[in-house]
Amino acid sequence: MSEFDYDLFVIGGGSGGVRAARVAAGEAGARVALAEESRYGGTCVIRGCVPKKLMVFASEFHGIAEEAQGYGWSMQEGTFSWQQFSSQLREELDRLEGVYKKLLDGSNVERFDMRAKLRDAHTVELADGTTKTAKHILLANGGHPVRPDMVNSDLGIVSDDIFLLENLPKSILIIGGGYIACEMACILHGLGVDVSQYIRGAQILNGFDDEARGLIADAMETRGIDIHTGTNIVEMRCAEDADYTDADEAHMGAPVEDAGALVGDSGMRSTGKPSETSKKGPIWVKSTNGREKIFDAVLFATGRKPNTDGMGLEEVGVKLGRGGKVEVDEYSQTSVPSIYAIGDVTDRVNLTPVAIREGMAFVETVFKGNKTPVDHALIPSAVFTQPEYGSVGMTEAQAAEQEEIEVYCTSFRPMHSAFAGKPDRVLMKLIVSKETRRVLGCHIVAPHAGEMIQLAGIAVKMGATKEDFDRTCAVHPTMAEEMVTMRQPVRTA
């Protein structure tokens, strides 16, 4: 008889935690339990990737009538019902959560639908006061969006709240220039919201390829998103309390009496509590450039933080790093040998497929006797702006710092858009090592770039050279054929 209640106790029911739990139980025969304080599926399924992508799909129908007319169709643009869409969205998320629960139950993982924290290196304390022991503990409890430390920041919403909206605001200010901010700007604009975006830096999507993010910014502004770089909020308050003087800059959206219905509680919030956001009416905002404006809603997309507060981690010796992230080694082991951590709580590469792979590597290492380090190299990723951005490997600037490179790049109006008279442009870019000829980076800005980069990522991960790309026959007529027809570098660095 084991001295522990379980071989493994997982804290967190997101994609990474659920995968690790059910594989450990189902394939390795371990006795496993898992605790989740909110909803199964975690950020990705409930408050992130899945609902966001469904919103992307919905927003892309905006303007389809005009585009169809360019191809000879007689079509009029209809109206969008947020109530119908959000109702279907919530039903789908409920279905997916049910799938996650069934996967755990089918693998004989014991579920505890409540919060859990550490008591010691082998003990977790549940919210009902009971304790459970385990030989190994896996932290997979994710992260959450944060608001800035400023007066009245509670008037704004965060990305979790977007999926709780009972009504769409007529106008919104998005603070931030990262991928969440830019994706939400494109989505909400596509759904008919008047979108402004304030960015502290000089350009959106910091850390991504300069040429790609410049094209995306131009496309967003062409579509009508009001982007202000080098700009931040210095003051915000309820509009009815503001001493507002610049009437020309005012934009009143939903009437004050209706604004309280902007945000409801569908149970998708990570806390499980009703949101108090935006129940005081439109918001007056003053920016660093002195501009004053009123918005129906303000979205803070200024960063996320690991869920480590109140978990008892430091008390049992788990070392935390900057921002509260759990420090781990290449095998996801913390400073306490019996405790491991995967996913956003470690703040390594905060992507769902990465968390899943980290969970699989953990099971291989701990329960299958096959020490498997986590591979974080050459991870393809997609930003679901409009147009989409897919990337794998280094940016041009990163590669140029490392070695001499050749840059192959082309930007053009694709056949689909050009025929309909639309100004949309796409970009295909390869960054190549001069010495080894390996493709160090691939960047695509185009409709469905996420689909393209998944396939291109295989070649880049395998170490394909520019000549390997050149030897591949083009598929014509496609946008992606440009990836194998670029013969001369546009520059070297």
# chains A, B, ... in the order shown; residues from 1 in each chain; ligands from 1
$ residues_around --residues "Gly48 (chain A)" --least-positions-apart "4" --cutoff "9 Å" --atoms "only C-alpha atoms" --output "ChimeraX atom specification"
/A:42-44,52-53,159-160,163
$ select_by_dssp --residues "region 250-466 of chain A" --states "alpha helix (DSSP H)" --output "count of residues only"
45
$ select_by_dssp --residues "region 268-431 of chain A" --states "strand (DSSP E)" --output "PyMOL selection string"
chain A and resi 283-287+292-295+297-300+304-306+339-341+381-383+388-393+405-412+426-431
$ residues_around --residues "region 389-406 of chain A" --least-positions-apart "5" --cutoff "7 Å" --atoms "only C-alpha atoms" --output "PyMOL selection string"
chain A and resi 208-209+378-384+431-434+440-446+449-450+453+457+489+491-493
$ closest_residue --among "A:Ala219, A:Val32, A:Leu455, A:Ala301" --to "Thr133 (chain A)" --atoms "only C-alpha atoms"
A:Val32
$ residues_around --residues "region 415-427 of chain A" --least-positions-apart "4" --cutoff "9 Å" --atoms "only C-alpha atoms" --output "tab-separated table (two decimals) with all heavy atoms, in the first residue's frame"
chain	number	residue	atom	x	y	z
A	66	GLU	N	-20.04	43.32	-49.91
A	66	GLU	CA	-19.31	44.21	-50.82
A	66	GLU	C	-18.31	43.44	-51.66
A	66	GLU	O	-18.17	43.66	-52.87
A	66	GLU	CB	-18.60	45.29	-50.01
A	66	GLU	CG	-17.81	46.28	-50.86
A	66	GLU	CD	-17.05	47.29	-50.03
A	66	GLU	OE1	-17.21	47.28	-48.78
A	66	GLU	OE2	-16.29	48.08	-50.61
A	67	GLU	N	-17.63	42.50	-51.03
A	67	GLU	CA	-16.66	41.69	-51.76
A	67	GLU	C	-17.36	40.82	-52.81
A	67	GLU	O	-16.87	40.68	-53.95
A	67	GLU	CB	-15.89	40.81	-50.78
A	67	GLU	CG	-14.76	40.02	-51.40
A	67	GLU	CD	-13.95	39.29	-50.34
A	67	GLU	OE1	-13.74	39.85	-49.25
A	67	GLU	OE2	-13.52	38.17	-50.62
A	68	ALA	N	-18.51	40.25	-52.44
A	68	ALA	CA	-19.24	39.41	-53.38
A	68	ALA	C	-19.71	40.21	-54.60
A	68	ALA	O	-19.74	39.68	-55.72
A	68	ALA	CB	-20.44	38.76	-52.68
A	69	GLN	N	-20.06	41.46	-54.38
A	69	GLN	CA	-20.48	42.31	-55.50
A	69	GLN	C	-19.37	42.48	-56.52
A	69	GLN	O	-19.62	42.61	-57.72
A	69	GLN	CB	-20.95	43.67	-54.97
A	69	GLN	CG	-22.27	43.61	-54.22
A	69	GLN	CD	-22.60	44.89	-53.47
A	69	GLN	OE1	-21.96	45.91	-53.71
A	69	GLN	NE2	-23.57	44.83	-52.59
A	70	GLY	N	-18.12	42.45	-56.05
A	70	GLY	CA	-16.99	42.54	-56.96
A	70	GLY	C	-16.85	41.32	-57.85
A	70	GLY	O	-16.14	41.36	-58.86
A	71	TYR	N	-17.55	40.24	-57.46
A	71	TYR	CA	-17.55	39.03	-58.26
A	71	TYR	C	-18.88	38.81	-58.98
A	71	TYR	O	-19.15	37.72	-59.49
A	71	TYR	CB	-17.22	37.82	-57.38
A	71	TYR	CG	-15.74	37.67	-57.13
A	71	TYR	CD1	-15.11	38.36	-56.09
A	71	TYR	CD2	-14.96	36.86	-57.93
A	71	TYR	CE1	-13.75	38.24	-55.87
A	71	TYR	CE2	-13.59	36.71	-57.71
A	71	TYR	CZ	-13.00	37.41	-56.69
A	71	TYR	OH	-11.65	37.28	-56.47
A	211	GLU	N	8.72	44.03	-40.58
A	211	GLU	CA	8.04	44.19	-41.87
A	211	GLU	C	6.61	43.66	-41.79
A	211	GLU	O	5.68	44.27	-42.33
A	211	GLU	CB	8.84	43.45	-42.95
A	211	GLU	CG	8.73	44.06	-44.31
A	211	GLU	CD	9.87	43.63	-45.21
A	211	GLU	OE1	10.71	42.80	-44.81
A	211	GLU	OE2	9.90	44.13	-46.35
A	212	ALA	N	6.45	42.54	-41.12
A	212	ALA	CA	5.13	41.94	-41.00
A	212	ALA	C	4.19	42.80	-40.16
A	212	ALA	O	3.04	43.05	-40.54
A	212	ALA	CB	5.25	40.54	-40.39
A	215	LEU	N	2.95	45.91	-42.00
A	215	LEU	CA	1.88	45.66	-42.96
A	215	LEU	C	0.54	45.46	-42.24
A	215	LEU	O	-0.50	45.96	-42.70
A	215	LEU	CB	2.21	44.44	-43.80
A	215	LEU	CG	1.32	44.16	-45.03
A	215	LEU	CD1	2.11	43.45	-46.11
A	215	LEU	CD2	0.10	43.32	-44.65
A	219	ALA	N	-2.91	47.68	-42.57
A	219	ALA	CA	-4.18	47.06	-42.93
A	219	ALA	C	-5.26	47.38	-41.90
A	219	ALA	O	-6.42	47.63	-42.26
A	219	ALA	CB	-4.00	45.54	-43.05
A	222	THR	N	-6.33	50.95	-42.46
A	222	THR	CA	-7.12	51.05	-43.68
A	222	THR	C	-8.54	50.58	-43.45
A	222	THR	O	-9.49	51.14	-44.02
A	222	THR	CB	-6.47	50.20	-44.81
A	222	THR	OG1	-5.17	50.72	-45.09
A	222	THR	CG2	-7.30	50.23	-46.07
A	387	PRO	N	-5.31	41.09	-41.86
A	387	PRO	CA	-5.04	39.69	-42.17
A	387	PRO	C	-4.28	38.98	-41.06
A	387	PRO	O	-3.71	39.62	-40.19
A	387	PRO	CB	-4.18	39.79	-43.43
A	387	PRO	CG	-3.45	41.09	-43.27
A	387	PRO	CD	-4.44	42.02	-42.61
A	409	CYS	N	11.81	38.31	-49.73
A	409	CYS	CA	10.53	38.88	-49.31
A	409	CYS	C	9.75	39.39	-50.52
A	409	CYS	O	10.34	39.95	-51.46
A	409	CYS	CB	10.77	40.01	-48.31
A	409	CYS	SG	9.26	40.69	-47.61
A	410	THR	N	8.45	39.21	-50.48
A	410	THR	CA	7.58	39.78	-51.50
A	410	THR	C	6.26	40.18	-50.86
A	410	THR	O	5.78	39.52	-49.93
A	410	THR	CB	7.32	38.78	-52.64
A	410	THR	OG1	6.49	39.40	-53.63
A	410	THR	CG2	6.63	37.52	-52.16
A	411	SER	N	5.69	41.28	-51.33
A	411	SER	CA	4.38	41.74	-50.88
A	411	SER	C	3.57	42.09	-52.12
A	411	SER	O	4.07	42.75	-53.03
A	411	SER	CB	4.54	42.96	-49.97
A	411	SER	OG	3.27	43.43	-49.54
A	443	HIS	N	7.85	34.07	-42.31
A	443	HIS	CA	6.80	34.98	-41.88
A	443	HIS	C	5.79	35.18	-42.99
A	443	HIS	O	6.16	35.48	-44.14
A	443	HIS	CB	7.39	36.33	-41.45
A	443	HIS	CG	8.43	36.19	-40.36
A	443	HIS	ND1	8.10	36.21	-39.03
A	443	HIS	CD2	9.77	35.98	-40.43
A	443	HIS	CE1	9.20	36.02	-38.31
A	443	HIS	NE2	10.22	35.88	-39.14
A	444	ILE	N	4.52	34.99	-42.66
A	444	ILE	CA	3.44	35.10	-43.64
A	444	ILE	C	2.36	36.01	-43.08
A	444	ILE	O	1.86	35.79	-41.97
A	444	ILE	CB	2.84	33.71	-43.96
A	444	ILE	CG1	3.91	32.76	-44.47
A	444	ILE	CG2	1.70	33.83	-44.97
A	444	ILE	CD1	3.42	31.32	-44.63
A	445	VAL	N	2.00	37.02	-43.84
A	445	VAL	CA	0.85	37.86	-43.51
A	445	VAL	C	-0.14	37.70	-44.65
A	445	VAL	O	0.12	38.15	-45.77
A	445	VAL	CB	1.23	39.34	-43.34
A	445	VAL	CG1	-0.01	40.18	-43.04
A	445	VAL	CG2	2.27	39.50	-42.23
A	446	ALA	N	-1.25	37.03	-44.39
A	446	ALA	CA	-2.21	36.72	-45.44
A	446	ALA	C	-3.44	36.07	-44.81
A	446	ALA	O	-3.37	35.58	-43.68
A	446	ALA	CB	-1.59	35.76	-46.47
A	447	PRO	N	-4.56	36.04	-45.53
A	447	PRO	CA	-5.69	35.25	-45.04
A	447	PRO	C	-5.25	33.79	-44.85
A	447	PRO	O	-4.53	33.23	-45.69
A	447	PRO	CB	-6.72	35.38	-46.18
A	447	PRO	CG	-6.39	36.67	-46.86
A	447	PRO	CD	-4.89	36.77	-46.78
A	477	PRO	N	-2.82	28.56	-59.15
A	477	PRO	CA	-2.46	29.85	-58.55
A	477	PRO	C	-2.82	29.89	-57.07
A	477	PRO	O	-3.96	29.69	-56.69
A	477	PRO	CB	-3.32	30.84	-59.34
A	477	PRO	CG	-4.55	30.05	-59.71
A	477	PRO	CD	-4.12	28.60	-59.83
A	478	THR	N	-1.84	30.12	-56.22
A	478	THR	CA	-2.03	30.29	-54.78
A	478	THR	C	-1.16	31.42	-54.29
A	478	THR	O	-0.20	31.81	-54.97
A	478	THR	CB	-1.63	29.01	-54.00
A	478	THR	OG1	-0.22	28.79	-54.16
A	478	THR	CG2	-2.40	27.80	-54.49
A	479	MET	N	-1.49	31.94	-53.11
A	479	MET	CA	-0.62	32.93	-52.48
A	479	MET	C	0.68	32.28	-52.01
A	479	MET	O	1.76	32.83	-52.16
A	479	MET	CB	-1.32	33.57	-51.28
A	479	MET	CG	-2.52	34.44	-51.61
A	479	MET	SD	-3.29	35.12	-50.12
A	479	MET	CE	-4.03	33.65	-49.41
